[in-house]
>>> print(open('model_35.pdb').read())   # PDB, C-alpha atoms
ATOM      1  CA  GLN A   1     -20.489 -72.461  63.751  1.00  0.00           C
ATOM      2  CA  VAL A   2     -20.069 -72.472  59.985  1.00  0.00           C
ATOM      3  CA  GLN A   3     -19.794 -69.044  58.436  1.00  0.00           C
ATOM      4  CA  LEU A   4     -21.604 -68.206  55.215  1.00  0.00           C
ATOM      5  CA  VAL A   5     -20.615 -64.931  53.595  1.00  0.00           C
ATOM      6  CA  GLU A   6     -23.134 -63.136  51.417  1.00  0.00           C
ATOM      7  CA  SER A   7     -22.310 -60.276  49.122  1.00  0.00           C
ATOM      8  CA  GLY A   8     -23.779 -58.304  46.255  1.00  0.00           C
ATOM      9  CA  GLY A   9     -26.567 -56.375  47.923  1.00  0.00           C
ATOM     10  CA  ASP A  10     -26.917 -52.768  46.819  1.00  0.00           C
ATOM     11  CA  LEU A  11     -29.261 -49.919  45.952  1.00  0.00           C
ATOM     12  CA  VAL A  12     -30.646 -50.351  42.434  1.00  0.00           C
ATOM     13  CA  GLN A  13     -33.349 -48.707  40.354  1.00  0.00           C
ATOM     14  CA  PRO A  14     -36.520 -50.572  39.391  1.00  0.00           C
ATOM     15  CA  GLY A  15     -35.855 -52.736  36.372  1.00  0.00           C
ATOM     16  CA  GLY A  16     -32.232 -53.172  37.315  1.00  0.00           C
ATOM     17  CA  SER A  17     -30.239 -56.282  38.137  1.00  0.00           C
ATOM     18  CA  LEU A  18     -28.064 -57.584  40.939  1.00  0.00           C
ATOM     19  CA  ARG A  19     -26.198 -60.811  41.579  1.00  0.00           C
ATOM     20  CA  LEU A  20     -25.903 -62.066  45.123  1.00  0.00           C
ATOM     21  CA  SER A  21     -23.201 -64.506  46.177  1.00  0.00           C
ATOM     22  CA  CYS A  22     -23.046 -66.922  49.085  1.00  0.00           C
ATOM     23  CA  ALA A  23     -19.734 -68.556  49.931  1.00  0.00           C
ATOM     24  CA  SER A  24     -18.113 -70.614  52.627  1.00  0.00           C
ATOM     25  CA  SER A  25     -14.622 -71.997  53.040  1.00  0.00           C
ATOM     26  CA  GLU A  26     -15.696 -74.219  55.936  1.00  0.00           C
ATOM     27  CA  ILE A  27     -17.961 -76.747  54.253  1.00  0.00           C
ATOM     28  CA  ASP A  28     -17.969 -78.789  51.078  1.00  0.00           C
ATOM     29  CA  PHE A  29     -20.836 -77.392  49.006  1.00  0.00           C
ATOM     30  CA  ASN A  30     -21.138 -80.740  47.216  1.00  0.00           C
ATOM     31  CA  HIS A  31     -23.054 -82.046  50.224  1.00  0.00           C
ATOM     32  CA  TYR A  32     -25.354 -79.092  50.830  1.00  0.00           C
ATOM     33  CA  ALA A  33     -28.511 -77.737  49.306  1.00  0.00           C
ATOM     34  CA  VAL A  34     -28.632 -73.945  49.242  1.00  0.00           C
ATOM     35  CA  GLY A  35     -31.633 -71.743  49.878  1.00  0.00           C
ATOM     36  CA  TRP A  36     -32.191 -68.040  49.434  1.00  0.00           C
ATOM     37  CA  PHE A  37     -34.597 -66.215  51.719  1.00  0.00           C
ATOM     38  CA  ARG A  38     -35.578 -62.608  52.180  1.00  0.00           C
ATOM     39  CA  GLN A  39     -37.227 -60.526  54.859  1.00  0.00           C
ATOM     40  CA  ALA A  40     -38.742 -57.130  54.261  1.00  0.00           C
ATOM     41  CA  PRO A  41     -39.496 -54.729  57.132  1.00  0.00           C
ATOM     42  CA  GLY A  42     -42.617 -55.787  58.971  1.00  0.00           C
ATOM     43  CA  LYS A  43     -42.949 -59.010  57.005  1.00  0.00           C
ATOM     44  CA  GLU A  44     -42.151 -62.645  57.644  1.00  0.00           C
ATOM     45  CA  ARG A  45     -39.103 -64.296  56.151  1.00  0.00           C
ATOM     46  CA  GLU A  46     -39.895 -65.686  52.707  1.00  0.00           C
ATOM     47  CA  GLY A  47     -38.193 -68.595  50.963  1.00  0.00           C
ATOM     48  CA  ILE A  48     -37.679 -67.485  47.372  1.00  0.00           C
ATOM     49  CA  SER A  49     -35.378 -70.041  45.784  1.00  0.00           C
ATOM     50  CA  CYS A  50     -33.337 -73.130  46.475  1.00  0.00           C
ATOM     51  CA  ILE A  51     -31.053 -75.519  44.628  1.00  0.00           C
ATOM     52  CA  SER A  52     -30.128 -79.112  45.372  1.00  0.00           C
ATOM     53  CA  SER A  53     -26.536 -80.077  46.146  1.00  0.00           C
ATOM     54  CA  GLN A  54     -25.753 -81.263  42.610  1.00  0.00           C
ATOM     55  CA  ASP A  55     -28.064 -78.804  40.825  1.00  0.00           C
ATOM     56  CA  ASP A  56     -30.576 -81.547  40.045  1.00  0.00           C
ATOM     57  CA  TYR A  57     -33.515 -79.518  41.311  1.00  0.00           C
ATOM     58  CA  GLU A  58     -34.354 -75.852  41.614  1.00  0.00           C
ATOM     59  CA  TYR A  59     -37.287 -74.070  43.183  1.00  0.00           C
ATOM     60  CA  TYR A  60     -38.589 -70.535  42.743  1.00  0.00           C
ATOM     61  CA  SER A  61     -41.405 -68.836  44.569  1.00  0.00           C
ATOM     62  CA  GLU A  62     -44.137 -67.321  42.494  1.00  0.00           C
ATOM     63  CA  SER A  63     -42.955 -63.845  43.466  1.00  0.00           C
ATOM     64  CA  VAL A  64     -39.569 -64.273  41.737  1.00  0.00           C
ATOM     65  CA  GLU A  65     -40.047 -66.962  39.096  1.00  0.00           C
ATOM     66  CA  GLY A  66     -39.010 -65.767  35.666  1.00  0.00           C
ATOM     67  CA  ARG A  67     -36.927 -62.920  37.093  1.00  0.00           C
ATOM     68  CA  PHE A  68     -34.451 -64.592  39.442  1.00  0.00           C
ATOM     69  CA  THR A  69     -32.047 -67.436  38.669  1.00  0.00           C
ATOM     70  CA  ILE A  70     -30.255 -69.550  41.244  1.00  0.00           C
ATOM     71  CA  SER A  71     -26.981 -71.270  40.434  1.00  0.00           C
ATOM     72  CA  ARG A  72     -23.975 -72.760  42.131  1.00  0.00           C
ATOM     73  CA  ASP A  73     -20.300 -73.496  41.572  1.00  0.00           C
ATOM     74  CA  ASN A  74     -19.351 -76.295  43.926  1.00  0.00           C
ATOM     75  CA  ALA A  75     -15.698 -76.049  42.954  1.00  0.00           C
ATOM     76  CA  ARG A  76     -15.732 -72.539  44.391  1.00  0.00           C
ATOM     77  CA  ASN A  77     -18.049 -73.395  47.308  1.00  0.00           C
ATOM     78  CA  THR A  78     -20.283 -70.580  46.143  1.00  0.00           C
ATOM     79  CA  ALA A  79     -23.924 -70.125  45.231  1.00  0.00           C
ATOM     80  CA  TYR A  80     -25.483 -67.240  43.363  1.00  0.00           C
ATOM     81  CA  LEU A  81     -28.810 -65.523  42.947  1.00  0.00           C
ATOM     82  CA  GLN A  82     -29.106 -63.500  39.750  1.00  0.00           C
ATOM     83  CA  MET A  83     -31.917 -60.997  40.139  1.00  0.00           C
ATOM     84  CA  ASN A  84     -33.274 -59.253  37.050  1.00  0.00           C
ATOM     85  CA  SER A  85     -36.212 -56.914  36.461  1.00  0.00           C
ATOM     86  CA  LEU A  86     -36.099 -55.856  40.083  1.00  0.00           C
ATOM     87  CA  LYS A  87     -39.180 -54.266  41.604  1.00  0.00           C
ATOM     88  CA  THR A  88     -39.597 -52.020  44.627  1.00  0.00           C
ATOM     89  CA  GLU A  89     -41.290 -54.927  46.405  1.00  0.00           C
ATOM     90  CA  ASP A  90     -38.049 -56.918  46.155  1.00  0.00           C
ATOM     91  CA  THR A  91     -36.523 -54.593  48.750  1.00  0.00           C
ATOM     92  CA  ALA A  92     -35.454 -56.746  51.685  1.00  0.00           C
ATOM     93  CA  VAL A  93     -32.547 -58.293  53.524  1.00  0.00           C
ATOM     94  CA  TYR A  94     -31.527 -61.396  51.594  1.00  0.00           C
ATOM     95  CA  TYR A  95     -30.134 -64.433  53.364  1.00  0.00           C
ATOM     96  CA  CYS A  96     -28.568 -67.613  52.102  1.00  0.00           C
ATOM     97  CA  ALA A  97     -28.669 -70.847  54.040  1.00  0.00           C
ATOM     98  CA  VAL A  98     -27.345 -74.375  53.576  1.00  0.00           C
ATOM     99  CA  GLU A  99     -28.813 -77.743  54.464  1.00  0.00           C
ATOM    100  CA  HIS A 100     -26.709 -80.888  54.666  1.00  0.00           C
ATOM    101  CA  THR A 101     -28.414 -83.325  52.297  1.00  0.00           C
ATOM    102  CA  GLY A 102     -25.537 -85.316  50.873  1.00  0.00           C
ATOM    103  CA  ARG A 103     -24.883 -85.659  47.159  1.00  0.00           C
ATOM    104  CA  GLU A 104     -27.755 -88.011  46.304  1.00  0.00           C
ATOM    105  CA  ILE A 105     -30.827 -86.020  47.331  1.00  0.00           C
ATOM    106  CA  GLU A 106     -32.328 -84.254  44.326  1.00  0.00           C
ATOM    107  CA  ASP A 107     -34.367 -81.840  46.364  1.00  0.00           C
ATOM    108  CA  CYS A 108     -34.273 -78.671  48.392  1.00  0.00           C
ATOM    109  CA  HIS A 109     -36.659 -76.904  50.735  1.00  0.00           C
ATOM    110  CA  ALA A 110     -38.426 -73.585  50.494  1.00  0.00           C
ATOM    111  CA  ASP A 111     -39.140 -73.433  54.208  1.00  0.00           C
ATOM    112  CA  SER A 112     -36.420 -72.389  56.592  1.00  0.00           C
ATOM    113  CA  SER A 113     -36.589 -75.094  59.245  1.00  0.00           C
ATOM    114  CA  PRO A 114     -34.343 -77.765  57.615  1.00  0.00           C
ATOM    115  CA  TYR A 115     -31.429 -75.399  57.060  1.00  0.00           C
ATOM    116  CA  ASP A 116     -28.331 -75.836  59.191  1.00  0.00           C
ATOM    117  CA  TYR A 117     -26.345 -72.654  58.688  1.00  0.00           C
ATOM    118  CA  TRP A 118     -27.262 -69.098  57.740  1.00  0.00           C
ATOM    119  CA  GLY A 119     -25.483 -66.060  56.395  1.00  0.00           C
ATOM    120  CA  GLN A 120     -25.612 -62.652  58.000  1.00  0.00           C
ATOM    121  CA  GLY A 121     -27.797 -61.131  55.287  1.00  0.00           C
ATOM    122  CA  THR A 122     -27.226 -58.541  52.599  1.00  0.00           C
ATOM    123  CA  GLN A 123     -29.472 -55.540  51.969  1.00  0.00           C
ATOM    124  CA  VAL A 124     -31.141 -55.118  48.592  1.00  0.00           C
ATOM    125  CA  THR A 125     -32.946 -51.838  48.054  1.00  0.00           C
ATOM    126  CA  VAL A 126     -34.897 -51.184  44.877  1.00  0.00           C
ATOM    127  CA  SER A 127     -35.808 -47.544  44.578  1.00  0.00           C
ATOM    128  CA  SER A 128     -35.794 -44.727  42.076  1.00  0.00           C
TER     129      SER A 128
END
>>> encode(input="model_35.pdb", output="structure tokens")
Amino acid sequence: QVQLVESGGDLVQPGGSLRLSCASSEIDFNHYAVGWFRQAPGKEREGISCISSQDDYEYYSESVEGRFTISRDNARNTAYLQMNSLKTEDTAVYYCAVEHTGREIEDCHADSSPYDYWGQGTQVTVSS
């Protein structure tokens, strides 16, 4: 089982910023699309952003577009989610996941079913 390690979750005030990281030493990120998902208490898991293996395509859900930015550094086998202008409704456990797509596919998926490996989750709490 491939291990993805997420980090960067924290308690932050509304309007603040956080950057989440997702890394793995066990796969070559050049061949994987990366997705970020979140799940708040009592709610279903939500796909909020994804990025294709070579950063040809990015997706943002309506709930985060304009505030969050996804990026990746394949040389470091790491993906990031920069979260700005955080709101209390962004409070959730955030998960990253990877899908093996190869280098040629300029696409990624917002739904969770195609993803092969998942991180353990990192808690983001937005509260004053």
>>> atom_distance(input="model_35.pdb", atom1="atom CA of A:Val124", atom2="atom CA of A:Val93")
6.0 Å
>>> residues_around(input="model_35.pdb", residues="A:Tyr32", least_positions_apart="2", cutoff="7 Å", atoms="all atoms listed in the file", output="ChimeraX atom specification")
/A:29-30,34,53,98-102
>>> resolve_selection(input="model_35.pdb", expression="the PyMOL selection byres ((chain A and resi 90) around 10)", output="ChimeraX atom specification")
/A:14,38-40,63-64,83,85-89,91-94,124-127
>>> resolve_selection(input="model_35.pdb", expression="the PyMOL selection byres ((chain A and resi 97) around 12)", output="ChimeraX atom specification")
/A:2-6,21-24,29,32-38,47-51,78-80,94-96,98-100,108-121
>>> atom_distance(input="model_35.pdb", atom1="atom CA of A:Ile27", atom2="atom CA of A:Thr122")
20.5 Å
>>> atom_distance(input="model_35.pdb", atom1="atom CA of A:Tyr57", atom2="atom CA of A:Ile105")
9.3 Å
>>> closest_residue(input="model_35.pdb", among="A:Asp10, A:Asp28, A:Asp107, A:Glu46", to="A:Arg76", atoms="only C-alpha atoms")
A:Asp28
>>> residues_near_point(input="model_35.pdb", point="(-28.7, -79.5, 37.3)", cutoff="12 Å", atoms="only C-alpha atoms", output="ChimeraX atom specification")
/A:51-59,70-74,106-107
>>> closest_residue(input="model_35.pdb", among="A:Asn77, A:His31, A:Ser7, A:Asn84", to="A:Glu104", atoms="only C-alpha atoms")
A:His31
>>> axis_aligned_box(input="model_35.pdb", around="stretch 100-109 of chain A", padding_each_side="6 Å", output="AutoDock Vina command-line options")
--center_x -30.8 --center_y -82.5 --center_z 49.5 --size_x 23.8 --size_y 23.1 --size_z 22.3
>>> resolve_selection(input="model_35.pdb", expression="the PyMOL selection byres ((chain A and resi 82) around 6)", output="NGL selection string")
:A and (19 or 68-69 or 81 or 83)
>>> write_last_selection(input="model_35.pdb", atoms="C-alpha atoms", output="mmCIF file, in the coordinates of the input")
data_model
loop_
_atom_site.group_PDB
_atom_site.id
_atom_site.type_symbol
_atom_site.label_atom_id
_atom_site.label_comp_id
_atom_site.auth_asym_id
_atom_site.auth_seq_id
_atom_site.Cartn_x
_atom_site.Cartn_y
_atom_site.Cartn_z
ATOM 1 C CA ARG A 19 -26.198 -60.811 41.579
ATOM 2 C CA PHE A 68 -34.451 -64.592 39.442
ATOM 3 C CA THR A 69 -32.047 -67.436 38.669
ATOM 4 C CA LEU A 81 -28.810 -65.523 42.947
ATOM 5 C CA MET A 83 -31.917 -60.997 40.139
#
>>> closest_residue(input="model_35.pdb", among="A:Arg45, A:Leu20, A:Gly15, A:Ser25", to="A:Arg67", atoms="only C-alpha atoms")
A:Gly15
>>> build_atoms(input="model_35.pdb", residues="stretch 71-102 of chain A", atoms="N, CA and C atoms", output="PDB file, in the frame of the given file")
ATOM      1  N   SER A  71     -28.010 -70.412  41.002  1.00  0.00           N
ATOM      2  CA  SER A  71     -26.981 -71.270  40.434  1.00  0.00           C
ATOM      3  C   SER A  71     -25.937 -71.548  41.502  1.00  0.00           C
ATOM      4  N   ARG A  72     -25.013 -72.426  41.166  1.00  0.00           N
ATOM      5  CA  ARG A  72     -23.975 -72.760  42.131  1.00  0.00           C
ATOM      6  C   ARG A  72     -22.722 -73.202  41.406  1.00  0.00           C
ATOM      7  N   ASP A  73     -21.585 -73.024  42.062  1.00  0.00           N
ATOM      8  CA  ASP A  73     -20.300 -73.496  41.572  1.00  0.00           C
ATOM      9  C   ASP A  73     -19.661 -74.231  42.745  1.00  0.00           C
ATOM     10  N   ASN A  74     -19.841 -75.528  42.772  1.00  0.00           N
ATOM     11  CA  ASN A  74     -19.351 -76.295  43.926  1.00  0.00           C
ATOM     12  C   ASN A  74     -17.831 -76.276  44.025  1.00  0.00           C
ATOM     13  N   ALA A  75     -17.163 -76.123  42.911  1.00  0.00           N
ATOM     14  CA  ALA A  75     -15.698 -76.049  42.954  1.00  0.00           C
ATOM     15  C   ALA A  75     -15.223 -74.809  43.698  1.00  0.00           C
ATOM     16  N   ARG A  76     -16.058 -73.785  43.684  1.00  0.00           N
ATOM     17  CA  ARG A  76     -15.732 -72.539  44.391  1.00  0.00           C
ATOM     18  C   ARG A  76     -16.481 -72.409  45.712  1.00  0.00           C
ATOM     19  N   ASN A  77     -17.254 -73.451  46.071  1.00  0.00           N
ATOM     20  CA  ASN A  77     -18.049 -73.395  47.308  1.00  0.00           C
ATOM     21  C   ASN A  77     -18.895 -72.128  47.367  1.00  0.00           C
ATOM     22  N   THR A  78     -19.538 -71.824  46.250  1.00  0.00           N
ATOM     23  CA  THR A  78     -20.283 -70.580  46.143  1.00  0.00           C
ATOM     24  C   THR A  78     -21.614 -70.818  45.427  1.00  0.00           C
ATOM     25  N   ALA A  79     -22.627 -70.130  45.898  1.00  0.00           N
ATOM     26  CA  ALA A  79     -23.924 -70.125  45.231  1.00  0.00           C
ATOM     27  C   ALA A  79     -24.281 -68.686  44.867  1.00  0.00           C
ATOM     28  N   TYR A  80     -25.151 -68.558  43.873  1.00  0.00           N
ATOM     29  CA  TYR A  80     -25.483 -67.240  43.363  1.00  0.00           C
ATOM     30  C   TYR A  80     -26.991 -67.091  43.221  1.00  0.00           C
ATOM     31  N   LEU A  81     -27.433 -65.845  43.274  1.00  0.00           N
ATOM     32  CA  LEU A  81     -28.810 -65.523  42.947  1.00  0.00           C
ATOM     33  C   LEU A  81     -28.769 -64.320  42.009  1.00  0.00           C
ATOM     34  N   GLN A  82     -29.033 -64.570  40.735  1.00  0.00           N
ATOM     35  CA  GLN A  82     -29.106 -63.500  39.750  1.00  0.00           C
ATOM     36  C   GLN A  82     -30.507 -62.936  39.772  1.00  0.00           C
ATOM     37  N   MET A  83     -30.615 -61.650  40.002  1.00  0.00           N
ATOM     38  CA  MET A  83     -31.917 -60.997  40.139  1.00  0.00           C
ATOM     39  C   MET A  83     -32.060 -59.958  39.034  1.00  0.00           C
ATOM     40  N   ASN A  84     -33.007 -60.171  38.161  1.00  0.00           N
ATOM     41  CA  ASN A  84     -33.274 -59.253  37.050  1.00  0.00           C
ATOM     42  C   ASN A  84     -34.660 -58.643  37.206  1.00  0.00           C
ATOM     43  N   SER A  85     -34.901 -57.587  36.455  1.00  0.00           N
ATOM     44  CA  SER A  85     -36.212 -56.914  36.461  1.00  0.00           C
ATOM     45  C   SER A  85     -36.677 -56.638  37.883  1.00  0.00           C
ATOM     46  N   LEU A  86     -35.796 -56.079  38.662  1.00  0.00           N
ATOM     47  CA  LEU A  86     -36.099 -55.856  40.083  1.00  0.00           C
ATOM     48  C   LEU A  86     -37.233 -54.852  40.255  1.00  0.00           C
ATOM     49  N   LYS A  87     -38.032 -55.106  41.275  1.00  0.00           N
ATOM     50  CA  LYS A  87     -39.180 -54.266  41.604  1.00  0.00           C
ATOM     51  C   LYS A  87     -38.987 -53.693  42.996  1.00  0.00           C
ATOM     52  N   THR A  88     -39.716 -52.622  43.295  1.00  0.00           N
ATOM     53  CA  THR A  88     -39.597 -52.020  44.627  1.00  0.00           C
ATOM     54  C   THR A  88     -39.967 -53.031  45.718  1.00  0.00           C
ATOM     55  N   GLU A  89     -40.881 -53.931  45.410  1.00  0.00           N
ATOM     56  CA  GLU A  89     -41.290 -54.927  46.405  1.00  0.00           C
ATOM     57  C   GLU A  89     -40.241 -56.007  46.637  1.00  0.00           C
ATOM     58  N   ASP A  90     -39.155 -56.002  45.883  1.00  0.00           N
ATOM     59  CA  ASP A  90     -38.049 -56.918  46.155  1.00  0.00           C
ATOM     60  C   ASP A  90     -37.120 -56.385  47.243  1.00  0.00           C
ATOM     61  N   THR A  91     -37.341 -55.172  47.685  1.00  0.00           N
ATOM     62  CA  THR A  91     -36.523 -54.593  48.750  1.00  0.00           C
ATOM     63  C   THR A  91     -36.629 -55.427  50.014  1.00  0.00           C
ATOM     64  N   ALA A  92     -35.479 -55.872  50.512  1.00  0.00           N
ATOM     65  CA  ALA A  92     -35.454 -56.746  51.685  1.00  0.00           C
ATOM     66  C   ALA A  92     -34.006 -57.042  52.047  1.00  0.00           C
ATOM     67  N   VAL A  93     -33.827 -57.667  53.197  1.00  0.00           N
ATOM     68  CA  VAL A  93     -32.547 -58.293  53.524  1.00  0.00           C
ATOM     69  C   VAL A  93     -32.598 -59.714  52.987  1.00  0.00           C
ATOM     70  N   TYR A  94     -31.588 -60.075  52.232  1.00  0.00           N
ATOM     71  CA  TYR A  94     -31.527 -61.396  51.594  1.00  0.00           C
ATOM     72  C   TYR A  94     -30.524 -62.266  52.352  1.00  0.00           C
ATOM     73  N   TYR A  95     -30.953 -63.480  52.624  1.00  0.00           N
ATOM     74  CA  TYR A  95     -30.134 -64.433  53.364  1.00  0.00           C
ATOM     75  C   TYR A  95     -29.940 -65.700  52.535  1.00  0.00           C
ATOM     76  N   CYS A  96     -28.739 -66.262  52.623  1.00  0.00           N
ATOM     77  CA  CYS A  96     -28.568 -67.613  52.102  1.00  0.00           C
ATOM     78  C   CYS A  96     -28.436 -68.572  53.287  1.00  0.00           C
ATOM     79  N   ALA A  97     -28.754 -69.812  53.023  1.00  0.00           N
ATOM     80  CA  ALA A  97     -28.669 -70.847  54.040  1.00  0.00           C
ATOM     81  C   ALA A  97     -28.327 -72.168  53.360  1.00  0.00           C
ATOM     82  N   VAL A  98     -27.712 -73.076  54.118  1.00  0.00           N
ATOM     83  CA  VAL A  98     -27.345 -74.375  53.576  1.00  0.00           C
ATOM     84  C   VAL A  98     -27.900 -75.490  54.449  1.00  0.00           C
ATOM     85  N   GLU A  99     -28.298 -76.561  53.794  1.00  0.00           N
ATOM     86  CA  GLU A  99     -28.813 -77.743  54.464  1.00  0.00           C
ATOM     87  C   GLU A  99     -27.993 -78.943  54.029  1.00  0.00           C
ATOM     88  N   HIS A 100     -27.487 -79.697  54.992  1.00  0.00           N
ATOM     89  CA  HIS A 100     -26.709 -80.888  54.666  1.00  0.00           C
ATOM     90  C   HIS A 100     -27.645 -81.987  54.174  1.00  0.00           C
ATOM     91  N   THR A 101     -27.545 -82.310  52.892  1.00  0.00           N
ATOM     92  CA  THR A 101     -28.414 -83.325  52.297  1.00  0.00           C
ATOM     93  C   THR A 101     -27.626 -84.489  51.717  1.00  0.00           C
ATOM     94  N   GLY A 102     -26.308 -84.326  51.611  1.00  0.00           N
ATOM     95  CA  GLY A 102     -25.537 -85.316  50.873  1.00  0.00           C
ATOM     96  C   GLY A 102     -25.618 -85.039  49.389  1.00  0.00           C
TER      97      GLY A 102
END
